[in-house]
>>> print(open('run00.pdb').read())   # PDB, C-alpha atoms
ATOM      1  CA  THR A 219      -0.194  -6.351  79.952
ATOM      2  CA  GLU A 220       3.357  -5.247  80.734
ATOM      3  CA  CYS A 221       4.602  -1.698  80.181
ATOM      4  CA  SER A 222       7.955  -0.091  80.904
ATOM      5  CA  ARG A 223       8.669   3.610  81.058
ATOM      6  CA  LEU A 224      11.893   5.420  80.196
ATOM      7  CA  SER A 225      12.162   8.880  81.759
ATOM      8  CA  LEU A 226      14.806  11.224  80.394
ATOM      9  CA  GLU A 227      16.249  14.145  82.297
ATOM     10  CA  ASN A 228      15.400  16.573  79.499
ATOM     11  CA  ALA A 229      11.972  15.124  78.680
ATOM     12  CA  GLY A 230       9.715  17.681  77.067
ATOM     13  CA  ALA A 231      12.569  19.759  75.680
ATOM     14  CA  PRO A 232      12.704  20.482  71.909
ATOM     15  CA  ILE A 233      14.206  17.622  69.934
ATOM     16  CA  ARG A 234      17.759  18.424  68.862
ATOM     17  CA  SER A 235      19.218  16.680  65.871
ATOM     18  CA  LYS A 236      22.596  14.937  65.798
ATOM     19  CA  GLY A 237      22.260  14.266  62.115
ATOM     20  CA  ALA A 238      19.020  13.640  60.246
ATOM     21  CA  ARG A 239      17.975  10.169  61.380
ATOM     22  CA  PRO A 240      14.182   9.747  61.639
ATOM     23  CA  LEU A 241      12.559   6.745  63.255
ATOM     24  CA  PRO A 242      12.219   3.710  60.936
ATOM     25  CA  LEU A 243       8.451   3.992  60.548
ATOM     26  CA  ARG A 244       6.533   1.976  57.967
ATOM     27  CA  ALA A 245       2.878   3.057  58.205
ATOM     28  CA  LEU A 246       0.209   4.600  60.402
ATOM     29  CA  ASN A 247      -1.276   1.699  62.361
ATOM     30  CA  HIS A 248      -4.121   3.167  64.403
ATOM     31  CA  VAL A 249      -5.646   6.175  66.124
ATOM     32  CA  SER A 250      -6.877   5.771  69.696
ATOM     33  CA  ARG A 251      -9.745   7.567  71.406
ATOM     34  CA  VAL A 252     -10.778   7.640  75.060
ATOM     35  CA  VAL A 253     -14.578   7.458  75.106
ATOM     36  CA  ARG A 254     -17.336   7.381  77.716
ATOM     37  CA  ASP A 255     -19.083   4.320  76.281
ATOM     38  CA  VAL A 256     -17.142   1.989  73.991
ATOM     39  CA  ASN A 257     -20.273   0.290  72.644
ATOM     40  CA  THR A 258     -21.935   3.568  71.654
ATOM     41  CA  SER A 259     -18.749   4.812  70.002
ATOM     42  CA  ALA A 260     -18.100   1.495  68.248
ATOM     43  CA  ARG A 261     -21.581   1.558  66.713
ATOM     44  CA  PHE A 262     -21.013   5.162  65.571
ATOM     45  CA  TYR A 263     -17.738   4.414  63.794
ATOM     46  CA  ARG A 264     -19.089   1.150  62.378
ATOM     47  CA  ASP A 265     -22.433   2.413  61.093
ATOM     48  CA  LEU A 266     -21.353   5.862  59.879
ATOM     49  CA  LEU A 267     -17.697   5.494  58.859
ATOM     50  CA  GLY A 268     -17.608   1.820  57.895
ATOM     51  CA  PHE A 269     -15.185   0.429  60.481
ATOM     52  CA  THR A 270     -15.303  -3.266  61.390
ATOM     53  CA  LEU A 271     -15.026  -4.564  64.953
ATOM     54  CA  VAL A 272     -11.971  -6.842  65.330
ATOM     55  CA  LYS A 273     -10.518  -8.927  68.155
ATOM     56  CA  ARG A 274      -8.346  -7.139  70.719
ATOM     57  CA  PRO A 275      -5.829  -8.790  73.113
ATOM     58  CA  SER A 276      -7.617 -10.702  75.868
ATOM     59  CA  SER A 277      -4.880  -9.755  78.350
ATOM     60  CA  PHE A 278      -6.081  -6.133  78.480
ATOM     61  CA  ASP A 279      -7.572  -5.349  81.883
ATOM     62  CA  PHE A 280      -9.630  -2.351  80.743
ATOM     63  CA  GLU A 281     -12.751  -1.934  78.623
ATOM     64  CA  GLY A 282     -12.308  -1.129  74.951
ATOM     65  CA  HIS A 283     -12.880  -2.078  71.327
ATOM     66  CA  TRP A 284     -10.581  -2.366  68.347
ATOM     67  CA  LEU A 285     -11.938  -1.426  64.938
ATOM     68  CA  TRP A 286     -10.386  -1.673  61.497
ATOM     69  CA  HIS A 287     -11.128  -0.063  58.136
ATOM     70  CA  GLY A 288      -9.963  -2.327  55.326
ATOM     71  CA  ALA A 289     -10.450   0.273  52.589
ATOM     72  CA  PHE A 290      -7.417   2.246  53.744
ATOM     73  CA  GLY A 291      -5.822  -0.029  56.342
ATOM     74  CA  ILE A 292      -6.195   2.080  59.477
ATOM     75  CA  GLY A 293      -7.216   0.899  62.933
ATOM     76  CA  LEU A 294      -9.236   2.749  65.561
ATOM     77  CA  HIS A 295      -8.767   1.757  69.208
ATOM     78  CA  LEU A 296     -11.487   2.842  71.624
ATOM     79  CA  ILE A 297     -10.653   2.983  75.326
ATOM     80  CA  GLU A 298     -13.429   3.416  77.867
ATOM     81  CA  GLY A 299     -12.567   6.005  80.483
ATOM     82  CA  GLU A 300     -12.924   9.582  81.670
ATOM     83  CA  THR A 301     -12.930  11.864  78.650
ATOM     84  CA  ILE A 302     -11.583  15.393  78.377
ATOM     85  CA  PRO A 303     -14.446  17.928  78.337
ATOM     86  CA  ARG A 304     -14.800  19.244  74.792
ATOM     87  CA  CYS A 305     -16.819  22.094  73.362
ATOM     88  CA  LYS A 306     -19.963  21.012  71.540
ATOM     89  CA  ILE A 307     -19.479  23.792  68.971
ATOM     90  CA  ILE A 308     -17.948  22.458  65.747
ATOM     91  CA  ASN A 309     -14.678  24.323  65.212
ATOM     92  CA  PRO A 310     -12.394  23.270  62.303
ATOM     93  CA  LYS A 311      -9.379  24.693  64.162
ATOM     94  CA  ARG A 312      -9.561  21.921  66.766
ATOM     95  CA  ASP A 313      -7.626  18.662  66.502
ATOM     96  CA  HIS A 314      -9.346  16.085  64.311
ATOM     97  CA  ILE A 315      -8.883  13.047  62.107
ATOM     98  CA  SER A 316      -9.693  13.411  58.416
ATOM     99  CA  PHE A 317     -10.985  10.996  55.775
ATOM    100  CA  GLN A 318     -11.114  11.501  52.012
ATOM    101  CA  THR A 319     -14.197  10.773  49.942
ATOM    102  CA  ASP A 320     -15.270  10.762  46.313
ATOM    103  CA  SER A 321     -18.800  11.934  47.149
ATOM    104  CA  LEU A 322     -19.235  14.782  49.587
ATOM    105  CA  ASP A 323     -22.882  15.056  48.589
ATOM    106  CA  ALA A 324     -23.481  11.486  49.773
ATOM    107  CA  VAL A 325     -21.691  12.247  53.050
ATOM    108  CA  GLU A 326     -23.785  15.346  53.623
ATOM    109  CA  GLU A 327     -27.014  13.530  52.771
ATOM    110  CA  ARG A 328     -26.209  10.722  55.232
ATOM    111  CA  LEU A 329     -25.417  13.180  58.045
ATOM    112  CA  LYS A 330     -28.748  14.913  57.414
ATOM    113  CA  GLU A 331     -30.570  11.560  57.576
ATOM    114  CA  LEU A 332     -29.022  10.876  60.972
ATOM    115  CA  GLY A 333     -29.723  14.380  62.261
ATOM    116  CA  CYS A 334     -25.996  14.875  62.843
ATOM    117  CA  ASP A 335     -24.853  18.486  63.131
ATOM    118  CA  TYR A 336     -22.022  19.362  60.764
ATOM    119  CA  LEU A 337     -20.104  22.298  59.344
ATOM    120  CA  ARG A 338     -19.278  22.602  55.634
ATOM    121  CA  CYS A 339     -16.229  24.669  54.628
ATOM    122  CA  VAL A 340     -14.809  25.504  51.207
ATOM    123  CA  VAL A 341     -11.134  26.309  50.682
ATOM    124  CA  THR A 342      -9.934  27.908  47.442
ATOM    125  CA  GLU A 343      -6.295  27.457  46.460
ATOM    126  CA  ALA A 344      -4.969  28.411  43.001
ATOM    127  CA  GLY A 345      -8.472  28.107  41.538
ATOM    128  CA  ILE A 346      -9.080  24.672  43.066
ATOM    129  CA  LEU A 347     -12.103  24.259  45.331
ATOM    130  CA  VAL A 348     -11.709  21.871  48.251
ATOM    131  CA  THR A 349     -14.687  21.042  50.453
ATOM    132  CA  GLN A 350     -14.403  19.980  54.091
ATOM    133  CA  ILE A 351     -17.238  18.596  56.226
ATOM    134  CA  PHE A 352     -16.698  18.589  60.000
ATOM    135  CA  PHE A 353     -18.777  16.805  62.653
ATOM    136  CA  HIS A 354     -18.418  15.199  66.087
ATOM    137  CA  ASP A 355     -18.479  11.654  67.376
ATOM    138  CA  PRO A 356     -20.493  10.877  70.559
ATOM    139  CA  ASP A 357     -17.675  12.335  72.716
ATOM    140  CA  GLU A 358     -17.280  15.546  70.674
ATOM    141  CA  ASN A 359     -14.085  14.315  69.001
ATOM    142  CA  MET A 360     -13.757  16.114  65.676
ATOM    143  CA  ILE A 361     -14.023  14.234  62.381
ATOM    144  CA  GLU A 362     -13.470  15.677  58.920
ATOM    145  CA  VAL A 363     -14.447  14.258  55.543
ATOM    146  CA  CYS A 364     -12.961  16.067  52.557
ATOM    147  CA  ASN A 365     -11.683  15.948  48.993
ATOM    148  CA  CYS A 366      -8.264  17.385  49.895
ATOM    149  CA  ASP A 367      -6.606  15.082  47.353
ATOM    150  CA  LEU A 368      -7.641  17.583  44.649
ATOM    151  CA  LEU A 369      -4.813  19.845  45.772
ATOM    152  CA  PRO A 370      -1.298  19.221  44.476
ATOM    153  CA  VAL A 371       1.304  18.501  47.129
ATOM    154  CA  VAL A 372       3.992  21.195  46.912
ATOM    155  CA  PRO A 373       7.267  20.753  48.823
ATOM    156  CA  LEU A 374       8.505  23.508  51.135
ATOM    157  CA  PRO A 375      12.085  22.410  51.935
ATOM    158  CA  HIS A 376      13.062  25.501  53.934
ATOM    159  CA  TRP A 377       9.967  26.260  56.010
ATOM    160  CA  ASP A 378      11.774  25.592  59.317
ATOM    161  CA  SER A 379      14.980  27.603  59.714
ATOM    162  CA  GLU A 380      15.222  27.491  63.512
ATOM    163  CA  PRO A 381      18.751  26.379  64.454
ATOM    164  CA  GLY A 382      19.132  23.061  66.255
ATOM    165  CA  VAL A 383      15.736  21.660  65.265
ATOM    166  CA  VAL A 384      15.506  18.440  63.257
ATOM    167  CA  PRO A 385      15.997  19.457  59.594
ATOM    168  CA  VAL A 386      13.057  19.268  57.238
ATOM    169  CA  LEU A 387      15.204  17.874  54.442
ATOM    170  CA  VAL A 388      15.958  14.220  55.249
ATOM    171  CA  GLU A 389      18.107  12.567  52.584
ATOM    172  CA  ASP A 390      15.796  12.441  49.552
ATOM    173  CA  GLU A 391      12.595  13.311  51.417
ATOM    174  CA  VAL A 392      10.973  16.635  52.212
ATOM    175  CA  MET A 393       8.467  17.336  54.995
ATOM    176  CA  ILE A 394       5.518  19.288  53.608
ATOM    177  CA  MET A 395       2.150  20.635  54.741
ATOM    178  CA  CYS A 396      -1.264  20.168  53.153
ATOM    179  CA  PRO A 397      -2.742  23.594  52.112
ATOM    180  CA  ALA A 398      -6.314  22.387  52.633
ATOM    181  CA  CYS A 399      -5.546  21.550  56.235
ATOM    182  CA  LEU A 400      -3.994  24.968  56.693
ATOM    183  CA  GLY A 401      -7.286  26.445  55.528
ATOM    184  CA  GLY A 402      -9.007  24.566  58.361
ATOM    185  CA  GLY A 403      -6.508  25.890  60.852
ATOM    186  CA  SER A 404      -4.338  22.815  61.359
ATOM    187  CA  ALA A 405      -1.383  21.337  59.530
ATOM    188  CA  ALA A 406      -0.984  17.788  58.308
ATOM    189  CA  ILE A 407       2.640  16.830  57.789
ATOM    190  CA  GLU A 408       3.383  14.360  55.055
ATOM    191  CA  SER A 409       6.486  12.945  53.438
ATOM    192  CA  LEU A 410       7.109  13.212  49.721
ATOM    193  CA  SER A 411       9.956  11.548  47.852
ATOM    194  CA  MET A 412      11.901  14.037  45.748
ATOM    195  CA  SER A 413      12.983  11.237  43.430
ATOM    196  CA  ASN A 414       9.338  10.422  42.718
ATOM    197  CA  MET A 415       8.624  14.067  42.015
ATOM    198  CA  SER A 416      11.486  14.402  39.540
ATOM    199  CA  SER A 417      10.336  11.325  37.656
ATOM    200  CA  ALA A 418       6.682  12.425  37.524
TER     201      ALA A 418
END
>>> encode(input="run00.pdb", output="structure tokens")
Amino acid sequence: TECSRLSLENAGAPIRSKGARPLPLRALNHVSRVVRDVNTSARFYRDLLGFTLVKRPSSFDFEGHWLWHGAFGIGLHLIEGETIPRCKIINPKRDHISFQTDSLDAVEERLKELGCDYLRCVVTEAGILVTQIFFHDPDENMIEVCNCDLLPVVPLPHWDSEPGVVPVLVEDEVMIMCPACLGGGSAAIESLSMSNMSSA
């Protein structure tokens, strides 16, 4: 494994825009987690969330597992190491990864079968009820399962007016925030094509 590091003199400073030119990203590839025991964590994500164990590069000189979820094309990379101490109390305002489901009742029933502690929250927005279920993995990393897709995605093109910061409006795209995530205390930023909206 070969890695190279580029250190900039102003590293850590707010990003200043010289014209709206975001990185040429195509998709979210994976989320990585540092865990105490990769086998325990791999079984958790496989048996409860439906991930599949896949081959990882043999050149890696550290313990880990790669998992993949074919239903939505996202990878999970587990790295065995010293974890950051986390509170065992389930708090929706902490950082987490979120999955959508069509059956929250089935999710809740399965968590009860496993004796897994969880927190159920309901967010009301414009008469729409959104349910969020939060629980921890073996290392107290937060996981959410929700039906947030019930909420319409509403663009907020002028939410950031601070001078010098990368503009929210990027050509024909607008950066927006998911109201359901705001109800849980954290924001999920998504990209929505204005041309698609106008044609809907």
>>> atom_distance(input="run00.pdb", atom1="CA of Pro356 in chain A", atom2="CA of Asp255 in chain A")
8.8 Å
>>> closest_residue(input="run00.pdb", among="A:Ala289, A:Ile351, A:Val371, A:Cys366", to="Glu327 in chain A", atoms="all atoms listed in the file")
A:Ile351
>>> closest_residue(input="run00.pdb", among="A:Leu271, A:Leu243, A:Cys364, A:Leu322", to="His283 in chain A", atoms="all atoms listed in the file")
A:Leu271
>>> closest_residue(input="run00.pdb", among="A:Leu241, A:Leu294, A:His248, A:Asp367", to="Phe269 in chain A", atoms="all atoms listed in the file")
A:Leu294
>>> resolve_selection(input="run00.pdb", expression="the PyMOL selection byres ((chain A and resi 297) around 9)", output="VMD selection string")
chain A and resid 250 to 256 280 to 284 295 to 296 298 to 299
>>> atom_distance(input="run00.pdb", atom1="CA of Asp355 in chain A", atom2="CA of Leu369 in chain A")
26.8 Å
>>> residues_around(input="run00.pdb", residues="Asp320 in chain A", least_positions_apart="2", cutoff="12 Å", atoms="only C-alpha atoms", output="list in words")
Phe317, Gln318, Leu322, Asp323, Ala324, Val325, Val348, Thr349, Val363, Cys364, Asn365, Cys366, Asp367 and Leu368 of chain A
>>> resolve_selection(input="run00.pdb", expression="the PyMOL selection byres ((chain A and resi 309) around 10)", output="VMD selection string")
chain A and resid 305 to 308 310 to 314 336 to 337 352 to 354 360 402 to 403
